[in-house]
$ cat target_4.cif   # mmCIF, C-alpha atoms
data_upload
loop_
_atom_site.label_atom_id
_atom_site.label_comp_id
_atom_site.auth_asym_id
_atom_site.auth_seq_id
_atom_site.Cartn_x
_atom_site.Cartn_y
_atom_site.Cartn_z
CA ASN A 10 0.00 0.00 0.00
CA ALA A 11 1.86 3.02 -1.25
CA GLY A 12 1.92 6.12 0.89
CA VAL A 13 0.99 9.59 -0.15
CA MET A 14 2.84 10.27 -3.39
CA GLN A 15 3.88 13.75 -4.40
CA ASN A 16 5.58 14.83 -7.58
CA PRO A 17 7.71 16.42 -8.59
CA ARG A 18 9.93 16.33 -5.51
CA HIS A 19 11.85 19.33 -6.71
CA LEU A 20 10.72 21.94 -9.20
CA VAL A 21 12.50 25.02 -10.45
CA ARG A 22 10.49 27.72 -12.16
CA ARG A 23 11.34 31.17 -13.47
CA ARG A 24 9.32 34.12 -12.28
CA GLY A 25 6.07 34.33 -14.20
CA GLN A 26 5.87 30.63 -15.06
CA GLU A 27 3.29 28.20 -13.75
CA ALA A 28 3.95 25.47 -11.22
CA ARG A 29 1.84 22.33 -10.93
CA LEU A 30 2.26 20.06 -7.95
CA ARG A 31 0.59 16.68 -7.83
CA CYS A 32 -0.53 14.55 -4.94
CA SER A 33 -1.89 11.03 -5.02
CA PRO A 34 -3.44 10.17 -1.65
CA MET A 35 -3.10 6.81 -0.01
CA LYS A 36 -5.38 4.15 -1.42
CA GLY A 37 -8.81 4.47 0.11
CA HIS A 38 -8.28 8.05 1.26
CA SER A 39 -10.75 10.60 -0.02
CA HIS A 40 -9.57 13.63 1.96
CA VAL A 41 -6.57 15.66 0.81
CA TYR A 42 -4.88 18.59 2.51
CA TRP A 43 -2.21 20.91 1.16
CA TYR A 44 0.23 22.68 3.48
CA ARG A 45 3.03 25.11 2.74
CA GLN A 46 6.29 25.49 4.61
CA LEU A 47 8.12 28.70 3.82
CA PRO A 48 11.88 28.83 4.50
CA GLU A 49 12.57 29.10 8.22
CA GLU A 50 8.85 29.07 8.99
CA GLY A 51 6.36 26.54 10.23
CA LEU A 52 3.78 24.66 8.25
CA LYS A 53 0.63 26.50 7.27
CA PHE A 54 -2.65 25.09 6.06
CA MET A 55 -3.65 25.99 2.52
CA VAL A 56 -6.63 23.94 1.37
CA TYR A 57 -8.72 20.88 2.20
CA LEU A 58 -10.38 18.92 -0.58
CA GLN A 59 -12.51 15.89 -1.09
CA LYS A 60 -13.15 14.31 -4.45
CA GLU A 61 -14.43 17.05 -6.79
CA ASN A 62 -15.03 19.44 -3.87
CA ILE A 63 -13.08 22.17 -2.14
CA ILE A 64 -14.11 21.97 1.49
CA ASP A 65 -11.95 24.70 3.00
CA GLU A 66 -9.63 27.03 1.14
CA SER A 67 -9.20 29.58 3.90
CA GLY A 68 -5.42 29.25 3.78
CA MET A 69 -5.03 29.79 0.06
CA PRO A 70 -3.67 33.10 -1.20
CA LYS A 71 -6.47 34.95 -2.96
CA GLU A 72 -4.69 35.21 -6.29
CA ARG A 73 -2.64 32.88 -8.50
CA PHE A 74 -3.24 29.75 -6.38
CA SER A 75 -5.82 27.08 -7.11
CA ALA A 76 -6.36 23.46 -6.17
CA GLU A 77 -8.44 20.61 -7.43
CA PHE A 78 -9.08 16.98 -6.63
CA PRO A 79 -10.87 15.46 -9.62
CA LYS A 80 -12.92 12.31 -9.61
CA GLU A 81 -10.08 10.52 -11.37
CA GLY A 82 -6.42 11.27 -10.88
CA PRO A 83 -4.31 13.12 -8.35
CA SER A 84 -4.97 16.33 -6.54
CA ILE A 85 -3.22 19.28 -8.15
CA LEU A 86 -2.01 22.49 -6.59
CA ARG A 87 -1.49 25.08 -9.28
CA ILE A 88 0.44 28.30 -8.88
CA GLN A 89 0.25 30.74 -11.74
CA GLN A 90 2.78 33.49 -12.47
CA VAL A 91 5.09 32.35 -9.71
CA VAL A 92 7.11 34.87 -7.72
CA ARG A 93 10.19 34.36 -5.56
CA GLY A 94 8.05 34.40 -2.44
CA ASP A 95 6.33 31.21 -3.61
CA SER A 96 9.57 29.30 -3.06
CA ALA A 97 8.69 26.80 -0.36
CA ALA A 98 8.06 23.17 0.43
CA TYR A 99 4.51 22.12 -0.35
CA PHE A 100 3.23 19.11 1.55
CA CYS A 101 0.20 17.05 0.77
CA ALA A 102 -1.53 14.89 3.36
CA SER A 103 -4.44 12.51 3.19
CA SER A 104 -6.81 10.82 5.56
CA PRO A 105 -9.48 8.18 5.12
CA ASP A 106 -12.15 10.10 6.94
CA GLN A 107 -13.02 13.67 7.73
CA GLY A 108 -11.35 13.16 11.03
CA ALA A 109 -12.96 10.49 13.10
CA LEU A 110 -10.98 9.73 16.20
CA GLY A 111 -8.43 7.04 15.54
CA ASN A 112 -7.79 8.09 11.96
CA THR A 113 -4.43 9.67 11.66
CA ILE A 114 -3.16 11.75 8.80
CA TYR A 115 -0.43 10.72 6.38
CA PHE A 116 1.97 13.13 4.77
CA GLY A 117 3.76 12.97 1.46
CA GLU A 118 7.48 13.63 1.04
CA GLY A 119 6.82 17.17 -0.10
CA SER A 120 7.47 19.14 -3.28
CA TRP A 121 10.21 21.75 -3.07
CA LEU A 122 9.50 24.70 -5.36
CA THR A 123 12.30 27.11 -6.16
CA VAL A 124 11.50 30.25 -8.12
CA VAL A 125 14.49 31.87 -9.80
CA LYS B 13 -0.06 34.85 20.48
CA ASN B 14 0.19 31.68 18.38
CA GLU B 15 -2.50 29.08 18.87
CA VAL B 16 0.16 26.40 19.29
CA GLU B 17 3.33 27.08 21.24
CA GLN B 18 6.24 24.67 21.43
CA SER B 19 9.24 24.68 23.70
CA PRO B 20 12.10 24.61 23.50
CA GLN B 21 12.78 25.87 19.97
CA ASN B 22 16.17 24.20 19.93
CA LEU B 23 17.43 21.33 22.02
CA THR B 24 20.84 19.67 22.05
CA ALA B 25 21.31 16.49 24.04
CA GLN B 26 23.94 13.83 24.54
CA GLU B 27 23.20 10.34 23.35
CA GLY B 28 21.28 8.43 25.98
CA GLU B 29 19.62 11.42 27.59
CA PHE B 30 15.90 11.63 28.31
CA ILE B 31 14.29 14.35 26.22
CA THR B 32 11.06 16.26 26.69
CA ILE B 33 9.43 18.58 24.18
CA ASN B 34 6.40 20.57 25.26
CA CYS B 35 3.36 21.85 23.40
CA SER B 36 0.67 24.21 24.67
CA TYR B 37 -2.38 25.25 22.73
CA SER B 38 -5.08 27.82 23.27
CA VAL B 39 -8.04 26.43 21.34
CA GLY B 40 -10.40 23.52 21.81
CA ILE B 41 -9.18 20.52 19.88
CA SER B 42 -10.40 17.14 18.75
CA ALA B 43 -6.92 15.70 18.36
CA LEU B 44 -3.25 16.54 18.68
CA HIS B 45 -0.50 15.17 16.46
CA TRP B 46 3.22 14.88 17.01
CA LEU B 47 5.15 14.92 13.76
CA GLN B 48 8.78 14.33 12.87
CA GLN B 49 10.58 16.05 10.00
CA HIS B 50 14.12 15.23 8.92
CA PRO B 51 16.19 17.81 7.04
CA GLY B 52 15.07 18.09 3.44
CA GLY B 53 12.68 15.28 4.05
CA GLY B 54 9.09 14.46 4.47
CA ILE B 55 6.91 14.50 7.52
CA VAL B 56 6.03 11.46 9.55
CA SER B 57 3.14 11.33 11.97
CA LEU B 58 4.42 9.86 15.23
CA PHE B 59 1.30 10.03 17.36
CA MET B 60 -2.27 11.17 17.28
CA LEU B 61 -3.75 11.82 20.73
CA SER B 62 -7.09 12.87 22.05
CA SER B 63 -6.50 11.89 25.67
CA GLY B 64 -4.08 10.14 27.97
CA LYS B 65 -0.82 8.67 26.85
CA LYS B 66 0.62 6.67 23.98
CA LYS B 67 3.93 4.82 23.67
CA HIS B 68 5.79 3.59 20.63
CA GLY B 69 9.24 2.20 21.19
CA ARG B 70 11.33 4.88 22.89
CA LEU B 71 8.75 7.58 22.23
CA ILE B 72 6.01 8.54 24.67
CA ALA B 73 3.36 11.19 24.11
CA THR B 74 1.00 12.53 26.74
CA ILE B 75 -1.82 15.03 26.64
CA ASN B 76 -3.72 16.89 29.35
CA ILE B 77 -6.91 18.22 27.80
CA GLN B 78 -7.85 20.36 30.82
CA GLU B 79 -4.49 22.10 30.84
CA LYS B 80 -4.26 22.22 27.02
CA HIS B 81 -0.78 20.76 27.13
CA SER B 82 1.04 17.86 25.56
CA SER B 83 4.54 16.47 25.91
CA LEU B 84 6.68 14.26 23.72
CA HIS B 85 9.34 12.25 25.51
CA ILE B 86 12.23 10.37 24.00
CA THR B 87 13.98 7.86 26.22
CA ALA B 88 17.58 6.77 25.61
CA SER B 89 18.00 9.32 22.84
CA HIS B 90 20.13 8.46 19.81
CA PRO B 91 21.72 10.62 17.09
CA ARG B 92 19.20 9.24 14.58
CA ASP B 93 16.48 10.96 16.64
CA SER B 94 17.88 14.30 15.45
CA ALA B 95 15.06 16.00 13.57
CA VAL B 96 12.46 18.71 13.90
CA TYR B 97 9.52 17.67 16.05
CA ILE B 98 6.27 19.44 15.35
CA CYS B 99 3.11 19.62 17.41
CA ALA B 100 -0.12 20.10 15.46
CA VAL B 101 -3.69 20.41 16.65
CA ARG B 102 -6.96 19.77 14.91
CA GLY B 103 -9.93 21.81 16.03
CA SER B 104 -13.48 21.96 14.77
CA ALA B 105 -12.22 22.73 11.29
CA ARG B 106 -10.46 19.77 9.80
CA GLN B 107 -7.13 21.29 8.98
CA LEU B 108 -4.15 21.19 11.30
CA THR B 109 -2.60 24.17 13.05
CA PHE B 110 1.10 23.70 13.64
CA GLY B 111 3.62 24.76 16.22
CA SER B 112 6.86 26.23 15.01
CA GLY B 113 8.76 23.03 15.71
CA THR B 114 11.59 21.96 17.99
CA GLN B 115 14.96 21.30 16.40
CA LEU B 116 16.49 18.37 18.28
CA THR B 117 20.14 17.48 17.90
CA VAL B 118 21.45 14.40 19.67
CA LEU B 119 25.22 14.24 19.86
CA PRO B 120 27.08 10.92 19.94
#
$ encode --input "target_4.cif" --output "structure tokens"
Amino acid sequence: NAGVMQNPRHLVRRRGQEARLRCSPMKGHSHVYWYRQLPEEGLKFMVYLQKENIIDESGMPKERFSAEFPKEGPSILRIQQVVRGDSAAYFCASSPDQGALGNTIYFGEGSWLTVV
Amino acid sequence: KNEVEQSPQNLTAQEGEFITINCSYSVGISALHWLQQHPGGGIVSLFMLSSGKKKHGRLIATINIQEKHSSLHITASHPRDSAVYICAVRGSARQLTFGSGTQLTVLP
């Protein structure tokens, strides 16, 4: 049973380009979370999705960022017109349930975005 | 004031020492997680707690809901325990709120 799979692990983009980060949750998990870790800072929540639905996007920047979790395929975090301040590690996590007690959360290895 | 406060921020110990990392939070929670992050690496969930105490190998996690406090203990610490340990809480919303992490270095 593979864990949470993120790709690419490392991505370099020039300012103004688009970055697409992918996350395949663990098998059987229908809840996906994206978190961002800026250099020298802690993790911050970005967005919580279920299949075909955005449940909570209160942590997403208002512009240039979007996320989806289609019926088929991985969840995608998309950053348009990247700027240097977007350079960070982006972590995906999944859980099998909205959060029933006893269900822990599983993290991917992260995608490190560098904007040059 | 952050919702989740960890202490200490940095901790250096000699191999074999008993280590304690503390986490205090200011909101009502449904669960608290202790996470481990190695340099340049992913994040591993060590424990999820809603009450009491859990033990896994040399790691012990406790939580006091009334006092809004949790501790992570490492017995007989080893250099491979060197990592950042992160406390995260889950409230009524389903996302996690994280502490700033404790950088642990265990010297041989």
$ resolve_selection --input "target_4.cif" --expression "the PyMOL selection byres ((chain B) within 10 of (chain A))" --output "ChimeraX atom specification"
/B:42-45,47,49,52-62,98,100,102,104-113
$ closest_residue --input "target_4.cif" --among "B:Gly64, B:Pro91, B:Gly103, B:Gly69" --to "Thr24 of chain B" --atoms "only C-alpha atoms"
B:Pro91
$ residues_around --input "target_4.cif" --residues "Ile63 of chain A" --least-positions-apart "4" --cutoff "9 Å" --atoms "all atoms listed in the file" --output "MDAnalysis selection string"
chainID A and resid 56:59 76:78
$ resolve_selection --input "target_4.cif" --expression "the PyMOL selection byres ((chain B and resi 17) around 10)" --output "list in words"
Lys13, Asn14, Glu15, Val16, Gln18, Ser19, Pro20, Gln21, Asn34, Cys35, Ser36, Tyr37, Ser38, His81, Cys99, Ala100, Phe110, Gly111, Ser112 and Gly113 of chain B
$ resolve_selection --input "target_4.cif" --expression "the PyMOL selection byres ((chain B and resi 74-78) around 9)" --output "JSON, numbers by chain"
{"B": [40, 41, 44, 61, 62, 63, 64, 65, 66, 67, 72, 73, 79, 80, 81, 82, 83, 84, 85]}
$ residues_around --input "target_4.cif" --residues "Arg73 of chain A" --least-positions-apart "4" --cutoff "12 Å" --atoms "only C-alpha atoms" --output "VMD selection string"
chain A and resid 25 to 29 69 86 to 92 95
$ atom_distance --input "target_4.cif" --atom1 "atom CA of Val118 of chain B" --atom2 "atom CA of Val101 of chain B"
26.0 Å
$ residues_near_point --input "target_4.cif" --point "(10.2, 17.3, -10.7)" --cutoff "10 Å" --atoms "all atoms listed in the file" --output "VMD selection string"
chain A and resid 15 to 21 29 to 30 120 to 122
$ closest_residue --input "target_4.cif" --among "B:Ala88, B:Leu71, B:Ile33, B:Trp46" --to "Thr114 of chain B" --atoms "all atoms listed in the file"
B:Ile33
$ decode --input "target_4.cif" --residues "segment 45-74 of chain B" --atoms "N, CA and C atoms" --output "PDB file, in the first residue's frame"
ATOM      1  N   HIS B  45      -1.468  16.031  17.144  1.00  0.00           N
ATOM      2  CA  HIS B  45      -0.501  15.171  16.463  1.00  0.00           C
ATOM      3  C   HIS B  45       0.910  15.595  16.847  1.00  0.00           C
ATOM      4  N   TRP B  46       1.781  14.625  16.967  1.00  0.00           N
ATOM      5  CA  TRP B  46       3.216  14.879  17.011  1.00  0.00           C
ATOM      6  C   TRP B  46       3.815  14.353  15.712  1.00  0.00           C
ATOM      7  N   LEU B  47       4.575  15.231  15.059  1.00  0.00           N
ATOM      8  CA  LEU B  47       5.150  14.921  13.756  1.00  0.00           C
ATOM      9  C   LEU B  47       6.665  15.020  13.835  1.00  0.00           C
ATOM     10  N   GLN B  48       7.322  14.287  12.952  1.00  0.00           N
ATOM     11  CA  GLN B  48       8.778  14.328  12.867  1.00  0.00           C
ATOM     12  C   GLN B  48       9.180  14.688  11.438  1.00  0.00           C
ATOM     13  N   GLN B  49      10.101  15.641  11.315  1.00  0.00           N
ATOM     14  CA  GLN B  49      10.575  16.053   9.997  1.00  0.00           C
ATOM     15  C   GLN B  49      12.096  16.060   9.994  1.00  0.00           C
ATOM     16  N   HIS B  50      12.669  15.250   9.091  1.00  0.00           N
ATOM     17  CA  HIS B  50      14.118  15.232   8.925  1.00  0.00           C
ATOM     18  C   HIS B  50      14.510  16.282   7.901  1.00  0.00           C
ATOM     19  N   PRO B  51      15.765  16.755   7.964  1.00  0.00           N
ATOM     20  CA  PRO B  51      16.193  17.813   7.043  1.00  0.00           C
ATOM     21  C   PRO B  51      15.949  17.441   5.592  1.00  0.00           C
ATOM     22  N   GLY B  52      15.329  18.331   4.860  1.00  0.00           N
ATOM     23  CA  GLY B  52      15.069  18.093   3.442  1.00  0.00           C
ATOM     24  C   GLY B  52      14.142  16.934   3.172  1.00  0.00           C
ATOM     25  N   GLY B  53      13.481  16.475   4.210  1.00  0.00           N
ATOM     26  CA  GLY B  53      12.679  15.279   4.049  1.00  0.00           C
ATOM     27  C   GLY B  53      11.220  15.494   4.335  1.00  0.00           C
ATOM     28  N   GLY B  54      10.517  14.397   4.260  1.00  0.00           N
ATOM     29  CA  GLY B  54       9.087  14.457   4.471  1.00  0.00           C
ATOM     30  C   GLY B  54       8.729  14.495   5.945  1.00  0.00           C
ATOM     31  N   ILE B  55       7.456  14.405   6.163  1.00  0.00           N
ATOM     32  CA  ILE B  55       6.910  14.497   7.519  1.00  0.00           C
ATOM     33  C   ILE B  55       6.271  13.169   7.876  1.00  0.00           C
ATOM     34  N   VAL B  56       6.588  12.707   9.067  1.00  0.00           N
ATOM     35  CA  VAL B  56       6.031  11.456   9.547  1.00  0.00           C
ATOM     36  C   VAL B  56       5.178  11.739  10.772  1.00  0.00           C
ATOM     37  N   SER B  57       3.989  11.186  10.792  1.00  0.00           N
ATOM     38  CA  SER B  57       3.139  11.327  11.970  1.00  0.00           C
ATOM     39  C   SER B  57       3.566  10.298  13.005  1.00  0.00           C
ATOM     40  N   LEU B  58       3.978  10.761  14.175  1.00  0.00           N
ATOM     41  CA  LEU B  58       4.420   9.861  15.228  1.00  0.00           C
ATOM     42  C   LEU B  58       3.248   9.391  16.087  1.00  0.00           C
ATOM     43  N   PHE B  59       2.430  10.339  16.488  1.00  0.00           N
ATOM     44  CA  PHE B  59       1.302  10.030  17.362  1.00  0.00           C
ATOM     45  C   PHE B  59       0.118  10.913  17.000  1.00  0.00           C
ATOM     46  N   MET B  60      -1.067  10.374  17.243  1.00  0.00           N
ATOM     47  CA  MET B  60      -2.268  11.173  17.285  1.00  0.00           C
ATOM     48  C   MET B  60      -2.938  10.893  18.630  1.00  0.00           C
ATOM     49  N   LEU B  61      -3.217  11.962  19.367  1.00  0.00           N
ATOM     50  CA  LEU B  61      -3.752  11.822  20.728  1.00  0.00           C
ATOM     51  C   LEU B  61      -5.024  12.616  20.868  1.00  0.00           C
ATOM     52  N   SER B  62      -5.958  12.072  21.612  1.00  0.00           N
ATOM     53  CA  SER B  62      -7.094  12.869  22.046  1.00  0.00           C
ATOM     54  C   SER B  62      -7.200  12.867  23.568  1.00  0.00           C
ATOM     55  N   SER B  63      -6.531  11.936  24.211  1.00  0.00           N
ATOM     56  CA  SER B  63      -6.500  11.894  25.667  1.00  0.00           C
ATOM     57  C   SER B  63      -5.397  10.953  26.113  1.00  0.00           C
ATOM     58  N   GLY B  64      -4.953  11.123  27.354  1.00  0.00           N
ATOM     59  CA  GLY B  64      -4.076  10.135  27.968  1.00  0.00           C
ATOM     60  C   GLY B  64      -2.672  10.103  27.436  1.00  0.00           C
ATOM     61  N   LYS B  65      -2.222   8.920  27.124  1.00  0.00           N
ATOM     62  CA  LYS B  65      -0.820   8.666  26.846  1.00  0.00           C
ATOM     63  C   LYS B  65      -0.693   7.580  25.800  1.00  0.00           C
ATOM     64  N   LYS B  66       0.322   7.721  24.931  1.00  0.00           N
ATOM     65  CA  LYS B  66       0.624   6.668  23.976  1.00  0.00           C
ATOM     66  C   LYS B  66       2.124   6.423  23.973  1.00  0.00           C
ATOM     67  N   LYS B  67       2.509   5.192  23.685  1.00  0.00           N
ATOM     68  CA  LYS B  67       3.932   4.820  23.670  1.00  0.00           C
ATOM     69  C   LYS B  67       4.217   4.020  22.418  1.00  0.00           C
ATOM     70  N   HIS B  68       5.356   4.356  21.796  1.00  0.00           N
ATOM     71  CA  HIS B  68       5.792   3.592  20.633  1.00  0.00           C
ATOM     72  C   HIS B  68       7.306   3.500  20.694  1.00  0.00           C
ATOM     73  N   GLY B  69       7.797   2.348  21.058  1.00  0.00           N
ATOM     74  CA  GLY B  69       9.236   2.203  21.192  1.00  0.00           C
ATOM     75  C   GLY B  69       9.772   3.107  22.274  1.00  0.00           C
ATOM     76  N   ARG B  70      10.739   3.952  21.910  1.00  0.00           N
ATOM     77  CA  ARG B  70      11.329   4.883  22.889  1.00  0.00           C
ATOM     78  C   ARG B  70      10.579   6.198  22.976  1.00  0.00           C
ATOM     79  N   LEU B  71       9.510   6.331  22.249  1.00  0.00           N
ATOM     80  CA  LEU B  71       8.750   7.576  22.228  1.00  0.00           C
ATOM     81  C   LEU B  71       7.483   7.439  23.074  1.00  0.00           C
ATOM     82  N   ILE B  72       7.221   8.497  23.843  1.00  0.00           N
ATOM     83  CA  ILE B  72       6.007   8.544  24.666  1.00  0.00           C
ATOM     84  C   ILE B  72       5.377   9.903  24.466  1.00  0.00           C
ATOM     85  N   ALA B  73       4.078   9.923  24.253  1.00  0.00           N
ATOM     86  CA  ALA B  73       3.357  11.188  24.113  1.00  0.00           C
ATOM     87  C   ALA B  73       2.226  11.215  25.125  1.00  0.00           C
ATOM     88  N   THR B  74       2.076  12.360  25.762  1.00  0.00           N
ATOM     89  CA  THR B  74       0.996  12.532  26.738  1.00  0.00           C
ATOM     90  C   THR B  74       0.225  13.794  26.399  1.00  0.00           C
TER      91      THR B  74
END
